[in-house]
Structure formats: C-alpha cells, structure tokens
file target-v2.tsv (TSV, C-alpha atoms and all ligand atoms)
chain	number	residue	atom	x	y	z
A	25	MET	CA	125.37	104.54	112.82
A	26	GLN	CA	123.63	107.80	113.71
A	27	HIS	CA	120.23	108.85	112.46
A	28	THR	CA	121.46	110.66	109.34
A	29	GLU	CA	123.64	107.73	108.31
A	30	ARG	CA	120.84	105.21	108.95
A	31	LEU	CA	118.38	107.28	106.95
A	32	ALA	CA	120.87	107.69	104.11
A	33	ALA	CA	121.59	103.95	104.12
A	34	TYR	CA	117.86	103.15	104.04
A	35	TRP	CA	117.12	105.53	101.18
A	36	ALA	CA	120.17	104.41	99.22
A	37	GLU	CA	118.95	100.81	99.49
A	38	ALA	CA	115.33	101.70	98.68
A	39	LEU	CA	116.51	103.57	95.59
A	40	GLY	CA	118.46	100.59	94.28
A	41	GLY	CA	121.87	101.12	95.91
A	42	PRO	CA	123.92	99.04	98.33
A	43	THR	CA	122.14	96.93	100.96
A	44	THR	CA	124.03	98.46	103.89
A	45	TYR	CA	120.87	99.24	105.88
A	46	SER	CA	119.59	95.65	105.79
A	47	GLU	CA	123.02	94.21	106.44
A	48	GLN	CA	124.09	96.48	109.27
A	49	HIS	CA	121.09	98.08	110.85
A	50	GLY	CA	117.63	96.68	110.46
A	51	ASP	CA	114.88	95.63	108.14
A	52	GLU	CA	111.67	97.18	106.83
A	53	THR	CA	109.76	95.98	109.89
A	54	HIS	CA	112.17	97.87	112.15
A	55	ALA	CA	111.82	101.11	110.15
A	56	VAL	CA	108.02	100.84	109.99
A	57	ARG	CA	107.78	100.17	113.74
A	58	ILE	CA	109.67	103.42	114.43
A	59	HIS	CA	106.93	105.22	112.48
A	60	SER	CA	103.94	103.41	113.98
A	61	GLY	CA	101.62	103.73	116.96
A	62	ASN	CA	101.26	107.52	116.88
A	63	GLY	CA	97.65	107.74	115.72
A	64	ALA	CA	96.59	109.16	112.36
A	65	HIS	CA	98.72	112.13	111.27
A	66	GLU	CA	97.71	113.29	107.78
A	67	GLU	CA	98.63	116.92	108.42
A	68	MET	CA	102.11	115.95	109.65
A	69	ASP	CA	102.57	113.75	106.58
A	70	GLN	CA	101.72	116.64	104.24
A	71	ARG	CA	104.07	118.95	106.14
A	72	ALA	CA	106.85	116.35	105.98
A	73	ILE	CA	106.40	116.04	102.22
A	74	ALA	CA	106.55	119.85	101.88
A	75	CYS	CA	109.78	119.89	103.96
A	76	PHE	CA	111.24	117.14	101.78
A	77	ASP	CA	110.41	119.13	98.63
A	78	GLN	CA	112.01	122.22	100.13
A	79	ALA	CA	115.13	120.23	101.06
A	80	LEU	CA	115.42	119.01	97.48
A	81	ALA	CA	115.32	122.63	96.32
A	82	ASP	CA	117.78	123.76	99.02
A	83	VAL	CA	120.46	121.29	97.92
A	84	GLY	CA	119.90	121.94	94.22
A	85	LEU	CA	118.25	118.65	93.29
A	86	ALA	CA	115.04	120.36	92.18
A	87	ARG	CA	116.81	121.88	89.17
A	88	ASP	CA	116.56	118.49	87.45
A	89	GLU	CA	112.80	118.09	87.05
A	90	ARG	CA	112.90	114.35	86.39
A	91	LEU	CA	115.02	113.75	89.50
A	92	ARG	CA	112.91	116.10	91.61
A	93	ARG	CA	109.74	114.36	90.52
A	94	VAL	CA	110.94	110.80	91.16
A	95	LEU	CA	112.32	111.62	94.62
A	96	HIS	CA	109.15	113.54	95.53
A	97	ASP	CA	106.95	110.70	94.34
A	98	TYR	CA	108.95	108.15	96.33
A	99	PHE	CA	108.87	110.14	99.57
A	100	ALA	CA	105.20	111.09	99.23
A	101	TRP	CA	104.25	107.47	98.50
A	102	ALA	CA	106.26	106.00	101.38
A	103	THR	CA	105.11	108.65	103.84
A	104	THR	CA	101.44	108.01	103.13
A	105	THR	CA	101.62	104.25	102.48
A	106	THR	CA	104.21	102.06	104.17
A	107	MET	CA	105.01	104.46	107.00
A	108	ALA	CA	101.35	105.32	107.68
A	109	HIS	CA	99.73	101.92	107.96
A	110	TYR	CA	99.95	101.04	111.64
A	111	HIS	CA	98.56	104.04	113.44
A	112	HIS	CA	97.33	102.08	116.45
A	113	SER	CA	100.46	100.33	117.69
A	114	ALA	CA	103.96	99.39	116.58
A	115	ASP	CA	103.15	95.92	117.96
A	116	ASP	CA	100.78	95.47	114.99
A	117	VAL	CA	103.65	95.65	112.48
A	118	PRO	CA	104.37	92.12	111.22
A	119	ASP	CA	107.86	90.62	111.26
A	120	GLY	CA	109.68	90.19	107.97
A	121	LEU	CA	108.31	93.10	105.92
A	122	ARG	CA	110.15	93.66	102.62
A	123	MET	CA	111.64	97.05	101.86
A	124	PRO	CA	109.85	98.57	98.85
A	125	LYS	CA	112.25	99.63	96.08
A	126	TRP	CA	111.79	102.66	93.86
A	127	SER	CA	113.22	103.26	90.38
A	128	TRP	CA	113.02	105.92	87.68
A	129	ASP	CA	109.74	104.22	86.73
A	130	GLY	CA	108.31	104.29	90.26
A	131	LEU	CA	107.62	101.34	92.53
A	132	VAL	CA	109.64	98.32	91.42
A	133	SER	CA	107.38	95.46	90.49
A	134	GLY	CA	107.28	92.54	92.87
A	135	TRP	CA	106.29	94.71	95.81
A	136	GLU	CA	102.56	95.04	96.37
A	137	ALA	CA	100.24	96.68	98.88
A	138	LYS	CA	99.67	93.28	100.49
A	139	ASP	CA	103.34	93.39	101.52
A	140	ILE	CA	102.60	96.14	104.05
A	201	LIG	C1	105.86	112.12	108.33
A	201	LIG	C2	107.08	111.84	107.87
A	201	LIG	C3	108.17	111.28	108.77
A	201	LIG	C4	108.49	111.59	110.06
A	201	LIG	C5	107.85	112.65	110.94
A	201	LIG	C6	109.58	110.73	110.45
A	201	LIG	C7	110.19	110.71	111.70
A	201	LIG	C8	111.20	109.89	112.10
A	201	LIG	C9	111.77	109.80	113.43
A	201	LIG	C10	111.31	110.64	114.64
A	201	LIG	C11	112.75	108.89	113.43
A	201	LIG	C12	113.62	108.43	114.57
A	201	LIG	C13	114.80	109.36	114.66
A	201	LIG	C14	115.99	108.71	115.31
A	201	LIG	O1	116.61	107.81	114.70
A	201	LIG	O2	116.32	109.09	116.43
A	201	LIG	C15	112.83	108.38	112.06
A	201	LIG	C16	113.72	107.43	111.67
A	201	LIG	C17	113.76	106.92	110.40
A	201	LIG	N1	112.92	107.23	109.36
A	201	LIG	FE1	111.42	108.55	109.39
A	201	LIG	N2	109.89	109.93	109.41
A	201	LIG	C18	109.06	110.22	108.37
A	201	LIG	C19	109.05	109.65	107.12
A	201	LIG	C20	109.89	108.65	106.73
A	201	LIG	C21	109.86	107.98	105.44
A	201	LIG	C22	108.84	108.27	104.35
A	201	LIG	C23	110.87	107.08	105.43
A	201	LIG	C24	111.29	106.11	104.38
A	201	LIG	C25	110.81	106.08	103.18
A	201	LIG	C26	111.56	107.17	106.70
A	201	LIG	C27	112.64	106.41	107.06
A	201	LIG	C28	113.26	106.44	108.28
A	201	LIG	C29	114.38	105.61	108.64
A	201	LIG	C30	115.08	104.60	107.75
A	201	LIG	C31	114.71	105.91	109.96
A	201	LIG	C32	115.86	105.31	110.76
A	201	LIG	C33	115.43	103.96	111.24
A	201	LIG	C34	116.55	103.30	112.05
A	201	LIG	O3	116.91	103.80	113.12
A	201	LIG	O4	117.05	102.29	111.59
A	201	LIG	N3	110.93	108.13	107.45
A	201	LIG	N4	111.87	108.99	111.29

call {"tool": "encode", "arguments": {"input": "target-v2.tsv", "output": "structure tokens", "more": "lines below"}}
Ligand code: HEM
result
Amino acid sequence: MQHTERLAAYWAEALGGPTTYSEQHGDETHAVRIHSGNGAHEEMDQRAIACFDQALADVGLARDERLRRVLHDYFAWATTTTMAHYHHSADDVPDGLRMPKWSWDGLVSGWEAKDI
C-alpha cells in the first residue's frame, strides 16, 4: 500500500470502519513512531490542522457542519495528543498501543489518555 492508501485505511479504521490497516499494515505503535522523535512542533501541528480544514472545504465536506466539525475535532485531537506525545525519540513509543476510535460523539469510550 502507498501512503495515501495507508492513511485512508488508518482513518477508516479509526472512524469505525474496516480494520484493514491493523490487518495489513501496522498498528497504532507503528503509526505513532512515524510521527515521533522530531522535537516539539506546535506551529506545524496548527498548520496541519488548518490544511486539514481547508482540504475538507476543498472536497465539499465542510458543507455539512456536523460532519465538518466531527472530522476537524478528530484530526485536531489526534494531531495534538496521540501523534504529539513522543517528541524526544520514536524509541520511547511503547509496543502494543491501541488505536483510538472516534465516533459522532467524539472519542469512543474505553480509550483513555493512559493508553498513549
Ligand atoms: C502535524 C500533522 C502531521 C504530519 C506533519 C504528518 C506527517 C506524516 C508523514 C511525513 C508520514 C510518512 C509519509 C509516508 O508514508 O511516506 C505520515 C504517515 C502517516 N500519518 Fe501522519 N502526519 C500528521 C498527522 C497525522 C495524524 C493526526 C494522523 C492520524 C490521526 C496521521 C496518520 C498517519 C498514518 C496512518 C500514516 C501512515 C503510516 C504507515 O505508513 O503505516 N498523521 N504522516
């Protein structure tokens, strides 16, 4: 799978869809390691969230305010939480992390900050 397909598979799974990412590519630990060890990057995070919001508008998903809001909230949360926890080194990311799942009501219960 190429990057776009892997990312789509991850997001589909995180948003309650098929478990293709976990079955065929990797787990949460793998995805978090890719995003770790780069030092703190708050400005980049905010710019990434702005790009994500713009992409939603570009493809027409921002016309549905409920959909726009839930996708924005998911991306903003993941960008600043799970993907921004191990600034020092990818080697600090524990094995066996669980992929957080997001629903219309936000973070699905059963996943907690201690799971990072
Ligand atoms: C500051 C925001 C972010 C930046 C700059 C960023 C950057 C990257 C980069 C450089 C890669 C590797 C590209 C490649 O495959 O060659 C990647 C992969 C990936 N990112 Fe992000 N990312 C960001 C946020 C996120 C968030 C919030 C998520 C999930 C909620 C995410 C999920 C993924 C996944 C699933 C992959 C593919 C992992 C794999 O290869 O299995 N990213 N990202």

call {"tool": "closest_residue", "arguments": {"input": "target-v2.tsv", "among": "A:His109, A:His96, A:His54, A:Arg87", "to": "Cys75 in chain A", "atoms": "all atoms listed in the file"}}
result
A:His96

call {"tool": "closest_atom_pairs", "arguments": {"input": "target-v2.tsv", "of": "chain A", "to": "ligand LIG 201 (chain A)", "cutoff": "9 Å", "atoms": "only C-alpha atoms and all ligand atoms", "output": "JSON lines"}}
result
{"residue": "A:Met25", "atom": "CA", "partner": "A:LIG201", "partner_atom": "O3", "distance": 8.5}
{"residue": "A:Gln26", "atom": "CA", "partner": "A:LIG201", "partner_atom": "O1", "distance": 7.1}
{"residue": "A:His27", "atom": "CA", "partner": "A:LIG201", "partner_atom": "O1", "distance": 4.4}
{"residue": "A:Thr28", "atom": "CA", "partner": "A:LIG201", "partner_atom": "O1", "distance": 7.8}
{"residue": "A:Glu29", "atom": "CA", "partner": "A:LIG201", "partner_atom": "C32", "distance": 8.5}
{"residue": "A:Arg30", "atom": "CA", "partner": "A:LIG201", "partner_atom": "C32", "distance": 5.3}
{"residue": "A:Leu31", "atom": "CA", "partner": "A:LIG201", "partner_atom": "C30", "distance": 4.3}
{"residue": "A:Ala32", "atom": "CA", "partner": "A:LIG201", "partner_atom": "C30", "distance": 7.5}
{"residue": "A:Ala33", "atom": "CA", "partner": "A:LIG201", "partner_atom": "C30", "distance": 7.5}
{"residue": "A:Tyr34", "atom": "CA", "partner": "A:LIG201", "partner_atom": "C30", "distance": 4.9}
{"residue": "A:Trp35", "atom": "CA", "partner": "A:LIG201", "partner_atom": "C25", "distance": 6.6}
{"residue": "A:Ala38", "atom": "CA", "partner": "A:LIG201", "partner_atom": "C25", "distance": 7.7}
{"residue": "A:Tyr45", "atom": "CA", "partner": "A:LIG201", "partner_atom": "O4", "distance": 7.5}
{"residue": "A:His49", "atom": "CA", "partner": "A:LIG201", "partner_atom": "O4", "distance": 5.9}
{"residue": "A:Gly50", "atom": "CA", "partner": "A:LIG201", "partner_atom": "O4", "distance": 5.8}
{"residue": "A:Asp51", "atom": "CA", "partner": "A:LIG201", "partner_atom": "O4", "distance": 7.8}
{"residue": "A:Glu52", "atom": "CA", "partner": "A:LIG201", "partner_atom": "C30", "distance": 8.2}
{"residue": "A:His54", "atom": "CA", "partner": "A:LIG201", "partner_atom": "O4", "distance": 6.6}
{"residue": "A:Ala55", "atom": "CA", "partner": "A:LIG201", "partner_atom": "C33", "distance": 4.7}
{"residue": "A:Val56", "atom": "CA", "partner": "A:LIG201", "partner_atom": "C27", "distance": 7.8}
{"residue": "A:Arg57", "atom": "CA", "partner": "A:LIG201", "partner_atom": "C33", "distance": 8.9}
{"residue": "A:Ile58", "atom": "CA", "partner": "A:LIG201", "partner_atom": "C16", "distance": 6.3}
{"residue": "A:His59", "atom": "CA", "partner": "A:LIG201", "partner_atom": "N4", "distance": 6.3}
{"residue": "A:His65", "atom": "CA", "partner": "A:LIG201", "partner_atom": "C1", "distance": 7.7}
{"residue": "A:Glu66", "atom": "CA", "partner": "A:LIG201", "partner_atom": "C1", "distance": 8.3}
{"residue": "A:Glu67", "atom": "CA", "partner": "A:LIG201", "partner_atom": "C1", "distance": 8.7}
{"residue": "A:Met68", "atom": "CA", "partner": "A:LIG201", "partner_atom": "C1", "distance": 5.5}
{"residue": "A:Asp69", "atom": "CA", "partner": "A:LIG201", "partner_atom": "C1", "distance": 4.1}
{"residue": "A:Gln70", "atom": "CA", "partner": "A:LIG201", "partner_atom": "C1", "distance": 7.4}
{"residue": "A:Arg71", "atom": "CA", "partner": "A:LIG201", "partner_atom": "C1", "distance": 7.4}
{"residue": "A:Ala72", "atom": "CA", "partner": "A:LIG201", "partner_atom": "C2", "distance": 4.9}
{"residue": "A:Ile73", "atom": "CA", "partner": "A:LIG201", "partner_atom": "C2", "distance": 7.1}
{"residue": "A:Tyr98", "atom": "CA", "partner": "A:LIG201", "partner_atom": "C25", "distance": 7.4}
{"residue": "A:Phe99", "atom": "CA", "partner": "A:LIG201", "partner_atom": "C22", "distance": 5.1}
{"residue": "A:Ala100", "atom": "CA", "partner": "A:LIG201", "partner_atom": "C22", "distance": 6.9}
{"residue": "A:Trp101", "atom": "CA", "partner": "A:LIG201", "partner_atom": "C22", "distance": 7.5}
{"residue": "A:Ala102", "atom": "CA", "partner": "A:LIG201", "partner_atom": "C22", "distance": 4.5}
{"residue": "A:Thr103", "atom": "CA", "partner": "A:LIG201", "partner_atom": "C22", "distance": 3.8}
{"residue": "A:Thr104", "atom": "CA", "partner": "A:LIG201", "partner_atom": "C22", "distance": 7.5}
{"residue": "A:Thr105", "atom": "CA", "partner": "A:LIG201", "partner_atom": "C22", "distance": 8.5}
{"residue": "A:Thr106", "atom": "CA", "partner": "A:LIG201", "partner_atom": "C22", "distance": 7.7}
{"residue": "A:Met107", "atom": "CA", "partner": "A:LIG201", "partner_atom": "C22", "distance": 6.0}
{"residue": "A:Ala108", "atom": "CA", "partner": "A:LIG201", "partner_atom": "C1", "distance": 8.2}
{"residue": "A:Pro124", "atom": "CA", "partner": "A:LIG201", "partner_atom": "C25", "distance": 8.7}

call {"tool": "atom_distance", "arguments": {"input": "target-v2.tsv", "atom1": "CA of Val83 in chain A", "atom2": "CA of Thr44 in chain A"}}
result
23.9 Å

call {"tool": "atom_distance", "arguments": {"input": "target-v2.tsv", "atom1": "CA of Val94 in chain A", "atom2": "CA of Met123 in chain A"}}
result
17.4 Å

call {"tool": "closest_residue", "arguments": {"input": "target-v2.tsv", "among": "A:Leu80, A:Leu85, A:Leu91, A:Ala64", "to": "Gly130 in chain A", "atoms": "only C-alpha atoms"}}
result
A:Leu91

call {"tool": "atom_distance", "arguments": {"input": "target-v2.tsv", "atom1": "CA of Gly40 in chain A", "atom2": "CA of Asn62 in chain A"}}
result
29.2 Å

call {"tool": "closest_residue", "arguments": {"input": "target-v2.tsv", "among": "A:Asp129, A:Ser60, A:Asp88, A:Asp139", "to": "Val117 in chain A", "atoms": "all atoms listed in the file"}}
result
A:Ser60

call {"tool": "closest_residue", "arguments": {"input": "target-v2.tsv", "among": "A:Arg122, A:His112, A:Lys138, A:Trp128", "to": "Arg92 in chain A", "atoms": "all atoms listed in the file"}}
result
A:Trp128

call {"tool": "closest_residue", "arguments": {"input": "target-v2.tsv", "among": "A:Asp77, A:Glu37, A:Asp115, A:Asp82", "to": "Asp97 in chain A", "atoms": "all atoms listed in the file"}}
result
A:Asp77
